[in-house]
Each structure stands twice: as structure tokens, then as C-alpha cells.
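Q: Quick one, input02.cif (mmCIF, C-alpha atoms and all ligand atoms):
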```
data_entry
loop_
_atom_site.label_atom_id
_atom_site.label_comp_id
_atom_site.auth_asym_id
_atom_site.auth_seq_id
_atom_site.Cartn_x
_atom_site.Cartn_y
_atom_site.Cartn_z
CA MET A 1 31.25 -53.59 24.75
CA LYS A 2 30.83 -50.14 26.23
CA ILE A 3 28.97 -47.63 24.15
CA THR A 4 31.01 -44.45 24.21
CA SER A 5 29.17 -42.59 21.50
CA ALA A 6 25.69 -42.94 20.06
CA LYS A 7 24.27 -40.46 17.65
CA PHE A 8 21.37 -40.25 15.28
CA ALA A 9 22.70 -40.69 11.73
CA PHE A 10 19.74 -40.65 9.33
CA SER A 11 16.13 -41.64 8.70
CA SER A 12 15.07 -43.45 5.54
CA GLU A 13 11.71 -44.09 4.04
CA LYS A 14 13.04 -46.48 1.43
CA LEU A 15 15.93 -48.85 1.05
CA SER A 16 17.61 -46.82 -1.68
CA GLN A 17 18.05 -43.87 0.71
CA ILE A 18 20.29 -45.80 3.08
CA PRO A 19 23.89 -44.68 2.55
CA GLN A 20 26.31 -47.50 1.86
CA ASP A 21 29.41 -46.87 3.94
CA GLY A 22 30.32 -50.45 4.72
CA LEU A 23 29.44 -50.43 8.41
CA ARG A 24 27.47 -53.38 9.79
CA GLU A 25 23.88 -52.87 10.84
CA PHE A 26 22.19 -54.51 13.84
CA ALA A 27 18.47 -53.94 13.69
CA PHE A 28 15.59 -54.07 16.17
CA ILE A 29 11.97 -54.79 15.32
CA GLY A 30 8.74 -55.85 16.98
CA ARG A 31 5.08 -55.05 17.36
CA SER A 32 4.21 -51.51 18.31
CA ASN A 33 4.43 -51.01 22.07
CA VAL A 34 6.69 -54.03 22.65
CA GLY A 35 9.29 -51.78 24.28
CA LYS A 36 11.66 -51.22 21.34
CA SER A 37 12.37 -47.54 21.92
CA SER A 38 12.99 -48.19 25.60
CA LEU A 39 15.38 -51.01 24.71
CA VAL A 40 17.31 -48.86 22.22
CA ASN A 41 17.63 -46.15 24.86
CA MET A 42 18.78 -48.67 27.47
CA LEU A 43 21.38 -50.19 25.12
CA THR A 44 22.83 -46.85 24.16
CA GLY A 45 22.56 -45.36 27.63
CA HIS A 46 20.99 -42.41 25.88
CA GLY A 47 17.54 -41.62 27.24
CA GLY A 48 16.36 -39.60 24.31
CA LEU A 49 17.80 -41.43 21.31
CA ALA A 50 14.68 -43.35 20.33
CA LYS A 51 11.33 -41.78 21.08
CA VAL A 52 9.39 -43.82 23.63
CA SER A 53 5.82 -44.27 22.42
CA GLY A 54 6.53 -41.78 19.65
CA THR A 55 3.94 -40.53 17.22
CA PRO A 56 2.98 -43.26 14.70
CA GLY A 57 3.92 -41.22 11.60
CA LYS A 58 7.46 -40.58 12.76
CA THR A 59 8.10 -44.15 13.75
CA ARG A 60 7.35 -45.54 10.30
CA LEU A 61 10.82 -44.68 9.11
CA ILE A 62 14.04 -46.63 9.43
CA ASN A 63 16.31 -44.82 11.86
CA HIS A 64 20.07 -45.41 11.85
CA PHE A 65 22.15 -44.55 14.91
CA LEU A 66 25.93 -44.57 14.61
CA ILE A 67 27.49 -46.35 17.59
CA ASN A 68 31.12 -45.86 18.64
CA GLY A 69 31.75 -44.65 15.10
CA GLY A 70 31.88 -48.28 14.01
CA TRP A 71 28.43 -49.81 13.54
CA TYR A 72 24.81 -48.89 13.18
CA LEU A 73 22.00 -49.65 15.54
CA VAL A 74 18.89 -49.64 13.36
CA ASP A 75 15.46 -48.88 14.76
CA LEU A 76 12.86 -50.35 12.40
CA PRO A 77 9.19 -49.36 12.35
CA GLY A 78 6.88 -51.39 14.58
CA TYR A 79 4.70 -53.86 12.77
CA GLY A 80 1.17 -54.97 13.50
CA TRP A 81 -0.55 -51.63 13.17
CA ALA A 82 -2.25 -52.18 9.82
CA ARG A 83 -2.23 -55.74 8.73
CA THR A 84 -4.68 -55.53 5.90
CA SER A 85 -2.67 -57.00 3.04
CA LYS A 86 -3.38 -60.44 1.71
CA SER A 87 0.06 -61.96 1.96
CA VAL A 88 2.13 -62.13 5.10
CA ARG A 89 5.13 -60.70 3.31
CA GLU A 90 3.19 -57.65 2.18
CA GLY A 91 1.51 -57.42 5.57
CA PHE A 92 4.70 -56.31 7.25
CA GLY A 93 5.08 -53.45 4.82
CA LYS A 94 7.43 -53.07 1.90
CA LEU A 95 9.88 -50.94 3.85
CA ILE A 96 10.39 -53.56 6.54
CA THR A 97 10.59 -56.56 4.21
CA ASP A 98 12.86 -54.72 1.78
CA TYR A 99 15.19 -53.73 4.58
CA VAL A 100 15.44 -57.07 6.35
CA THR A 101 15.76 -59.14 3.19
CA LYS A 102 17.79 -56.84 0.94
CA ALA A 103 19.90 -54.40 2.96
CA GLU A 104 23.44 -55.55 2.33
CA LYS A 105 24.87 -54.66 5.71
CA MET A 106 21.89 -55.83 7.77
CA TRP A 107 23.96 -58.20 9.85
CA PHE A 108 21.54 -59.41 12.50
CA LEU A 109 17.94 -58.71 13.41
CA PHE A 110 16.68 -58.67 16.98
CA VAL A 111 12.96 -59.53 17.07
CA LEU A 112 11.34 -58.21 20.25
CA VAL A 113 8.47 -60.01 21.96
CA ASP A 114 6.72 -59.14 25.22
CA VAL A 115 7.57 -61.98 27.59
CA ARG A 116 4.17 -61.70 29.31
CA HIS A 117 2.25 -62.76 26.24
CA GLU A 118 1.66 -66.13 24.64
CA PRO A 119 3.52 -66.41 21.32
CA GLN A 120 1.63 -64.22 18.85
CA LYS A 121 0.87 -65.33 15.31
CA ILE A 122 2.16 -62.13 13.77
CA ASP A 123 5.58 -62.57 15.39
CA LEU A 124 5.78 -66.24 14.44
CA ASP A 125 4.73 -65.42 10.87
CA PHE A 126 7.41 -62.75 10.76
CA MET A 127 10.08 -65.18 11.96
CA THR A 128 8.91 -67.77 9.43
CA MET A 129 9.41 -65.16 6.71
CA LEU A 130 12.90 -64.43 8.07
CA GLY A 131 13.75 -68.13 8.01
CA ARG A 132 12.52 -68.50 4.45
CA GLU A 133 14.56 -65.51 3.35
CA GLY A 134 17.67 -66.62 5.27
CA VAL A 135 17.78 -63.56 7.53
CA PRO A 136 19.84 -64.13 10.73
CA PHE A 137 17.77 -63.21 13.76
CA GLY A 138 17.39 -63.64 17.51
CA VAL A 139 14.52 -63.17 19.94
CA VAL A 140 14.57 -60.49 22.64
CA PHE A 141 12.08 -60.92 25.47
CA THR A 142 11.06 -57.51 26.79
CA LYS A 143 9.52 -56.23 30.05
CA ALA A 144 10.97 -59.08 32.15
CA ASP A 145 10.46 -56.96 35.30
CA LYS A 146 6.71 -57.35 34.93
CA LEU A 147 6.89 -61.03 35.88
CA GLY A 148 8.16 -62.79 38.99
CA THR A 149 11.08 -65.20 38.71
CA ASN A 150 8.98 -68.32 38.17
CA ALA A 151 6.53 -66.77 35.74
CA LEU A 152 9.43 -65.28 33.79
CA ALA A 153 11.17 -68.65 33.49
CA ALA A 154 7.87 -70.27 32.47
CA GLY A 155 7.15 -67.58 29.88
CA VAL A 156 10.58 -67.93 28.30
CA ALA A 157 10.38 -71.74 28.32
CA ASN A 158 6.92 -71.65 26.79
CA TYR A 159 8.11 -69.37 24.00
CA LYS A 160 11.14 -71.53 23.28
CA GLN A 161 8.91 -74.59 23.10
CA GLU A 162 6.75 -72.82 20.52
CA LEU A 163 9.83 -71.85 18.50
CA LEU A 164 11.00 -75.45 18.50
CA LYS A 165 7.77 -76.43 16.77
CA HIS A 166 8.89 -74.33 13.83
CA TRP A 167 12.69 -74.54 14.00
CA GLU A 168 15.16 -77.35 14.50
CA GLU A 169 17.41 -75.12 16.53
CA LEU A 170 16.60 -72.20 18.78
CA PRO A 171 17.77 -68.78 17.62
CA PRO A 172 19.81 -66.77 20.13
CA THR A 173 17.52 -65.42 22.87
CA PHE A 174 17.91 -62.49 25.27
CA VAL A 175 15.87 -61.64 28.36
CA THR A 176 15.63 -57.91 28.99
CA SER A 177 14.03 -55.21 31.07
CA SER A 178 14.56 -51.59 30.19
CA GLU A 179 12.92 -50.66 33.46
CA LYS A 180 15.44 -52.65 35.50
CA ARG A 181 18.28 -52.28 33.00
CA LEU A 182 18.60 -56.03 32.44
CA GLY A 183 20.04 -57.82 29.44
CA ALA A 184 21.89 -54.95 27.77
CA GLU A 185 25.31 -56.52 28.34
CA GLN A 186 24.30 -59.78 26.66
CA ILE A 187 23.00 -58.01 23.57
CA LEU A 188 26.02 -55.71 23.32
CA GLU A 189 28.41 -58.63 23.81
CA PHE A 190 26.62 -60.54 21.05
CA ILE A 191 26.97 -57.54 18.74
CA GLU A 192 30.64 -57.11 19.66
CA ASN A 193 31.30 -60.72 18.74
CA ASN A 194 29.69 -60.10 15.36
CA LEU A 195 31.51 -56.91 14.47
CA THR A 196 34.47 -58.58 12.78
P1 LIG A 201 7.78 -49.27 21.29
O1 LIG A 201 6.45 -48.80 20.76
O2 LIG A 201 8.03 -50.70 20.96
O3 LIG A 201 8.94 -48.38 20.94
O4 LIG A 201 7.63 -49.29 22.88
P2 LIG A 201 8.09 -48.22 23.99
O5 LIG A 201 9.54 -48.34 24.28
O6 LIG A 201 7.55 -46.89 23.60
O7 LIG A 201 7.31 -48.80 25.27
C1 LIG A 201 5.93 -49.02 25.28
C2 LIG A 201 5.45 -48.95 26.72
O8 LIG A 201 6.02 -50.02 27.47
C3 LIG A 201 5.89 -47.67 27.43
O9 LIG A 201 4.84 -47.28 28.30
C4 LIG A 201 7.11 -48.09 28.23
O10 LIG A 201 7.31 -47.33 29.38
C5 LIG A 201 6.77 -49.54 28.57
N1 LIG A 201 7.99 -50.36 28.71
C6 LIG A 201 8.95 -50.51 27.78
N2 LIG A 201 9.93 -51.34 28.22
C7 LIG A 201 9.57 -51.71 29.47
C8 LIG A 201 10.19 -52.55 30.47
O11 LIG A 201 11.27 -53.15 30.30
N3 LIG A 201 9.49 -52.72 31.63
C9 LIG A 201 8.31 -52.10 31.86
N4 LIG A 201 7.72 -52.35 33.04
N5 LIG A 201 7.71 -51.29 30.97
C10 LIG A 201 8.34 -51.09 29.79
#
```
Please, can you express the file's structure as C-alpha cells?
Ligand code: GDP
A:
Amino acid sequence: MKITSAKFAFSSEKLSQIPQDGLREFAFIGRSNVGKSSLVNMLTGHGGLAKVSGTPGKTRLINHFLINGGWYLVDLPGYGWARTSKSVREGFGKLITDYVTKAEKMWFLFVLVDVRHEPQKIDLDFMTMLGREGVPFGVVFTKADKLGTNALAAGVANYKQELLKHWEELPPTFVTSSEKRLGAEQILEFIENNLT
């Protein structure tokens, strides 16, 4: 799929503010600094759509971008900045859990992880919550350019092995680099195949 138009549609601070117009929503989430804004900008070919390393206050909203007039790319707040709550579910914030578990048109969630790091508990906990709630998701490895070919393959394999400890089947996975513009086609093709 080629993105011919991408424009900011609206920001929401709670689920009830999200307009219901029937279009499918493909959402992106991950820990702060994982490279989410850069990925959104790479996917849309629009350098300024999502703010790279934006101010924390502004990025705690759900941002909808209308793509090709036919679907929404949804930029969710980063998690992992204030994990003080007792339960894991609460720990990700009400806005995030409400959106991913209750938004009617939330069609697929891309969970971003930095390929250089060992699997992090917070990400695995988040995916466990998604599994329990029946939320369809995939894993996007970011910053692939920061590793050489062998280390990249090892990092991805290591992560998949960890996932297989928790899941019978692997979710869809995508290897990306916003720096080198890698992986956008795979993600956009996946979305295209899930539009109808
Ligand atoms: P966000 O907080 O998840 O939205 O992350 P950002 O997109 O703001 O990126 C965080 C930092 O990682 C910034 O300094 C980016 O330049 C850097 N970064 C993001 N994606 C990549 C990538 O694919 N490769 C490299 N080398 N750096 C990246």
C-alpha cells in the first residue's frame, strides 16, 4: 500500500472522545523512547506527523491520523514512565487499557520493542494482558540499524524464543529501522490485508 495522504485527525484523552465513524484503527504502542514517533513518520512518509521525542505531557494523548481517507493510524501514549500502580492492568494507565481493550474499531495493535534489548518484563506483561483480553497484536522490532546482521538475527531469535515461552504461536513480527527506512512495506502490506 502506498500512503497518498496522511493527516492529523484528532487527539483524545479518553475513550468516549473518539469519534465513531466506522473506519478501522491500527495502533502503535511501546515504551517511551522505543522509536514510535520515528516509525509513524517513516510509515506515513511524513516527517512531522508524530513528534519525535515530544514533550511528555503532549504524548499522553491518543492521536488519530487519517490515512488515505480510509483508515486510522493511532499513536498511543508510551508506557513505562510511571509504573506505580499495584496491578499490571492499572500500571499501563486507564487510557491505554481502555483503548486497547474497548475501542470498537481497534483492529490491530503493533507493540514496539527495541531489538537491542533483552525482552523487558513490562513489554511481556503488556502482551500477557493483551492475550488475556483477546486483543490482536504483533511485535515490531525497532532500531534494527543499530545492530550488525548477526546480532540482529540473534536478537530477533532470542525475543521469539522468549515469546514462545508464553504463547503457543508467535504473533506476527516486523523488523524495522526508521533510520534506514526498513520494514515499512511489510507493516503497510499487513495493514492493507486487514482493511477489508
Ligand atoms: P518514541 O518516544 O517512542 O516516540 O521514540 P522516538 O521516535 O522519539 O525516538 C527516540 C530516539 O530514538 C530518538 O533519538 C530517535 O532519533 C531514535 N530512533 C528512533 N528510531 C530509530 C531507528 O530506527 N534507528 C536509530 N538509530 N535511532 C532511532
Q: Step by step, measure atom-to-atom distances between ligand LIG 201 (chain A) and each residue using all atoms listed in the file, keep those at most 12 Å, then write them as an mmCIF file with C-alpha atoms, in the frame of the given file.
A:
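This went into result.cif:
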```cif
data_model
loop_
_atom_site.group_PDB
_atom_site.id
_atom_site.type_symbol
_atom_site.label_atom_id
_atom_site.label_comp_id
_atom_site.auth_asym_id
_atom_site.auth_seq_id
_atom_site.Cartn_x
_atom_site.Cartn_y
_atom_site.Cartn_z
ATOM 1 C CA PHE A 28 15.590 -54.070 16.170
ATOM 2 C CA ILE A 29 11.970 -54.790 15.320
ATOM 3 C CA GLY A 30 8.740 -55.850 16.980
ATOM 4 C CA ARG A 31 5.080 -55.050 17.360
ATOM 5 C CA SER A 32 4.210 -51.510 18.310
ATOM 6 C CA ASN A 33 4.430 -51.010 22.070
ATOM 7 C CA VAL A 34 6.690 -54.030 22.650
ATOM 8 C CA GLY A 35 9.290 -51.780 24.280
ATOM 9 C CA LYS A 36 11.660 -51.220 21.340
ATOM 10 C CA SER A 37 12.370 -47.540 21.920
ATOM 11 C CA SER A 38 12.990 -48.190 25.600
ATOM 12 C CA LEU A 39 15.380 -51.010 24.710
ATOM 13 C CA VAL A 40 17.310 -48.860 22.220
ATOM 14 C CA ASN A 41 17.630 -46.150 24.860
ATOM 15 C CA MET A 42 18.780 -48.670 27.470
ATOM 16 C CA LEU A 43 21.380 -50.190 25.120
ATOM 17 C CA GLY A 47 17.540 -41.620 27.240
ATOM 18 C CA GLY A 48 16.360 -39.600 24.310
ATOM 19 C CA LEU A 49 17.800 -41.430 21.310
ATOM 20 C CA ALA A 50 14.680 -43.350 20.330
ATOM 21 C CA LYS A 51 11.330 -41.780 21.080
ATOM 22 C CA VAL A 52 9.390 -43.820 23.630
ATOM 23 C CA SER A 53 5.820 -44.270 22.420
ATOM 24 C CA GLY A 54 6.530 -41.780 19.650
ATOM 25 C CA THR A 55 3.940 -40.530 17.220
ATOM 26 C CA PRO A 56 2.980 -43.260 14.700
ATOM 27 C CA LYS A 58 7.460 -40.580 12.760
ATOM 28 C CA THR A 59 8.100 -44.150 13.750
ATOM 29 C CA ARG A 60 7.350 -45.540 10.300
ATOM 30 C CA ASP A 75 15.460 -48.880 14.760
ATOM 31 C CA LEU A 76 12.860 -50.350 12.400
ATOM 32 C CA PRO A 77 9.190 -49.360 12.350
ATOM 33 C CA GLY A 78 6.880 -51.390 14.580
ATOM 34 C CA TYR A 79 4.700 -53.860 12.770
ATOM 35 C CA GLY A 80 1.170 -54.970 13.500
ATOM 36 C CA TRP A 81 -0.550 -51.630 13.170
ATOM 37 C CA VAL A 111 12.960 -59.530 17.070
ATOM 38 C CA LEU A 112 11.340 -58.210 20.250
ATOM 39 C CA VAL A 113 8.470 -60.010 21.960
ATOM 40 C CA ASP A 114 6.720 -59.140 25.220
ATOM 41 C CA VAL A 115 7.570 -61.980 27.590
ATOM 42 C CA ARG A 116 4.170 -61.700 29.310
ATOM 43 C CA VAL A 140 14.570 -60.490 22.640
ATOM 44 C CA PHE A 141 12.080 -60.920 25.470
ATOM 45 C CA THR A 142 11.060 -57.510 26.790
ATOM 46 C CA LYS A 143 9.520 -56.230 30.050
ATOM 47 C CA ALA A 144 10.970 -59.080 32.150
ATOM 48 C CA ASP A 145 10.460 -56.960 35.300
ATOM 49 C CA LYS A 146 6.710 -57.350 34.930
ATOM 50 C CA LEU A 147 6.890 -61.030 35.880
ATOM 51 C CA VAL A 175 15.870 -61.640 28.360
ATOM 52 C CA THR A 176 15.630 -57.910 28.990
ATOM 53 C CA SER A 177 14.030 -55.210 31.070
ATOM 54 C CA SER A 178 14.560 -51.590 30.190
ATOM 55 C CA GLU A 179 12.920 -50.660 33.460
ATOM 56 C CA LYS A 180 15.440 -52.650 35.500
ATOM 57 C CA ARG A 181 18.280 -52.280 33.000
ATOM 58 C CA LEU A 182 18.600 -56.030 32.440
ATOM 59 C CA GLY A 183 20.040 -57.820 29.440
ATOM 60 C CA ALA A 184 21.890 -54.950 27.770
#
```
Q: Which distance in Å separates CA of Leu66 in chain A and CA of Phe8 in chain A, to one decimal?
A: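 Atom-to-atom, CA of Leu66 in chain A and CA of Phe8 in chain A are spaced 6.3 Å apart.
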Q: Which residues are near Ile191 in chain A? Cut-off 12 Å, all atoms listed in the file, ignore same chain within fewer than 4 positions. Put them as a ChimeraX atom specification.
A: /A:1-3,24-27,43,67,70-73,107-110,137-138,172,184-187,195-196
Q: Do a neighbour search on range 129-133 of chain A at 10 Å with only C-alpha atoms, toss out local chain neighbours closer than 4 positions, and write the hits as a list in words.
A: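 With the cut-off at 10 Å, the set is Val88, Arg89, Thr97, Val100, Thr101, Lys102, Leu109, Asp123, Leu124, Asp125, Phe137, His166 and Trp167 of chain A.
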Q: Rounded to one decimal place, report the CA of Phe65 in chain A-CA of Asp98 in chain A distance in Å.
A: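 These two atoms are separated by 19.0 Å.
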Q: Please write a file for range 59-168 of chain A, taken from the block I just shared, that holds C-alpha atoms and is laid out as a compact mmCIF listing (two decimals), in the first residue's frame.
A:
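Result saved to selection.txt:
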```txt
# COMPACT_ATOMS: atom_id res chain seq x y z
CA THR A 59 2.34 12.47 24.19
CA ARG A 60 -0.05 11.18 26.83
CA LEU A 61 -2.97 11.55 24.48
CA ILE A 62 -4.26 9.17 21.85
CA ASN A 63 -3.57 10.67 18.43
CA HIS A 64 -5.54 9.57 15.37
CA PHE A 65 -4.14 10.15 11.88
CA LEU A 66 -6.41 9.61 8.89
CA ILE A 67 -4.59 7.65 6.19
CA ASN A 68 -5.68 7.64 2.54
CA GLY A 69 -9.09 8.74 3.78
CA GLY A 70 -9.80 5.12 4.67
CA TRP A 71 -8.23 4.07 7.97
CA TYR A 72 -6.68 5.48 11.09
CA LEU A 73 -3.13 5.12 12.25
CA VAL A 74 -3.31 5.55 16.02
CA ASP A 75 -0.36 6.78 18.03
CA LEU A 76 -0.84 5.67 21.64
CA PRO A 77 0.99 7.15 24.62
CA GLY A 78 4.26 5.47 25.57
CA TYR A 79 4.09 3.31 28.65
CA GLY A 80 6.68 2.70 31.33
CA TRP A 81 7.07 6.24 32.57
CA ALA A 82 5.19 5.92 35.86
CA ARG A 83 4.54 2.39 36.83
CA THR A 84 3.44 2.91 40.38
CA SER A 85 0.07 1.16 40.40
CA LYS A 86 -0.39 -2.15 42.11
CA SER A 87 -1.90 -4.13 39.27
CA VAL A 88 -0.34 -4.57 35.87
CA ARG A 89 -3.56 -3.57 34.16
CA GLU A 90 -3.72 -0.28 36.05
CA GLY A 91 0.01 0.19 35.60
CA PHE A 92 -0.36 0.86 31.90
CA GLY A 93 -2.84 3.62 32.57
CA LYS A 94 -6.57 3.67 32.15
CA LEU A 95 -6.41 5.45 28.81
CA ILE A 96 -4.21 2.80 27.22
CA THR A 97 -6.04 -0.22 28.65
CA ASP A 98 -9.45 1.29 27.87
CA TYR A 99 -8.41 1.96 24.30
CA VAL A 100 -6.78 -1.37 23.51
CA THR A 101 -9.46 -3.48 25.18
CA LYS A 102 -12.62 -1.50 24.44
CA ALA A 103 -12.23 0.64 21.32
CA GLU A 104 -14.57 -0.99 18.83
CA LYS A 105 -12.55 -0.28 15.72
CA MET A 106 -9.13 -1.02 17.23
CA TRP A 107 -8.30 -3.65 14.64
CA PHE A 108 -4.68 -4.50 15.37
CA LEU A 109 -2.05 -3.31 17.81
CA PHE A 110 1.63 -3.08 16.93
CA VAL A 111 3.75 -3.41 20.08
CA LEU A 112 7.19 -1.87 19.57
CA VAL A 113 10.31 -3.25 21.24
CA ASP A 114 13.92 -2.13 20.85
CA VAL A 115 15.68 -5.05 19.18
CA ARG A 116 18.92 -4.30 21.06
CA HIS A 117 17.44 -5.09 24.44
CA GLU A 118 16.68 -8.36 26.18
CA PRO A 119 12.90 -8.91 26.44
CA GLN A 120 11.66 -6.50 29.10
CA LYS A 121 9.17 -7.51 31.77
CA ILE A 122 6.95 -4.52 31.17
CA ASP A 123 6.51 -5.42 27.49
CA LEU A 124 5.89 -9.09 28.24
CA ASP A 125 3.38 -8.15 30.96
CA PHE A 126 1.65 -5.87 28.48
CA MET A 127 1.42 -8.64 25.88
CA THR A 128 0.13 -11.05 28.51
CA MET A 129 -2.64 -8.56 29.26
CA LEU A 130 -3.41 -8.31 25.53
CA GLY A 131 -3.62 -12.09 25.28
CA ARG A 132 -5.94 -12.30 28.26
CA GLU A 133 -8.19 -9.62 26.82
CA GLY A 134 -8.14 -11.14 23.31
CA VAL A 135 -6.54 -8.12 21.66
CA PRO A 136 -4.90 -8.94 18.28
CA PHE A 137 -1.31 -7.74 18.27
CA GLY A 138 2.08 -8.09 16.61
CA VAL A 139 5.63 -7.22 17.64
CA VAL A 140 7.66 -4.56 15.84
CA PHE A 141 11.41 -4.63 16.44
CA THR A 142 12.80 -1.10 16.19
CA LYS A 143 16.26 0.39 15.58
CA ALA A 144 17.48 -2.61 13.56
CA ASP A 145 20.24 -0.43 12.04
CA LYS A 146 21.96 -0.30 15.42
CA LEU A 147 22.95 -3.97 15.17
CA GLY A 148 25.03 -5.87 12.63
CA THR A 149 23.43 -8.66 10.61
CA ASN A 150 24.33 -11.47 13.01
CA ALA A 151 23.48 -9.61 16.20
CA LEU A 152 20.17 -8.54 14.66
CA ALA A 153 19.25 -12.11 13.75
CA ALA A 154 20.28 -13.27 17.24
CA GLY A 155 18.27 -10.52 18.93
CA VAL A 156 15.13 -11.35 16.96
CA ALA A 157 15.56 -15.10 17.54
CA ASN A 158 16.11 -14.54 21.25
CA TYR A 159 12.95 -12.46 21.51
CA LYS A 160 10.89 -15.02 19.61
CA GLN A 161 12.17 -17.74 21.91
CA GLU A 162 11.01 -15.71 24.90
CA LEU A 163 7.59 -15.18 23.31
CA LEU A 164 7.25 -18.91 22.74
CA LYS A 165 7.59 -19.45 26.49
CA HIS A 166 4.35 -17.53 26.89
CA TRP A 167 2.49 -18.26 23.66
CA GLU A 168 1.81 -21.38 21.64
```
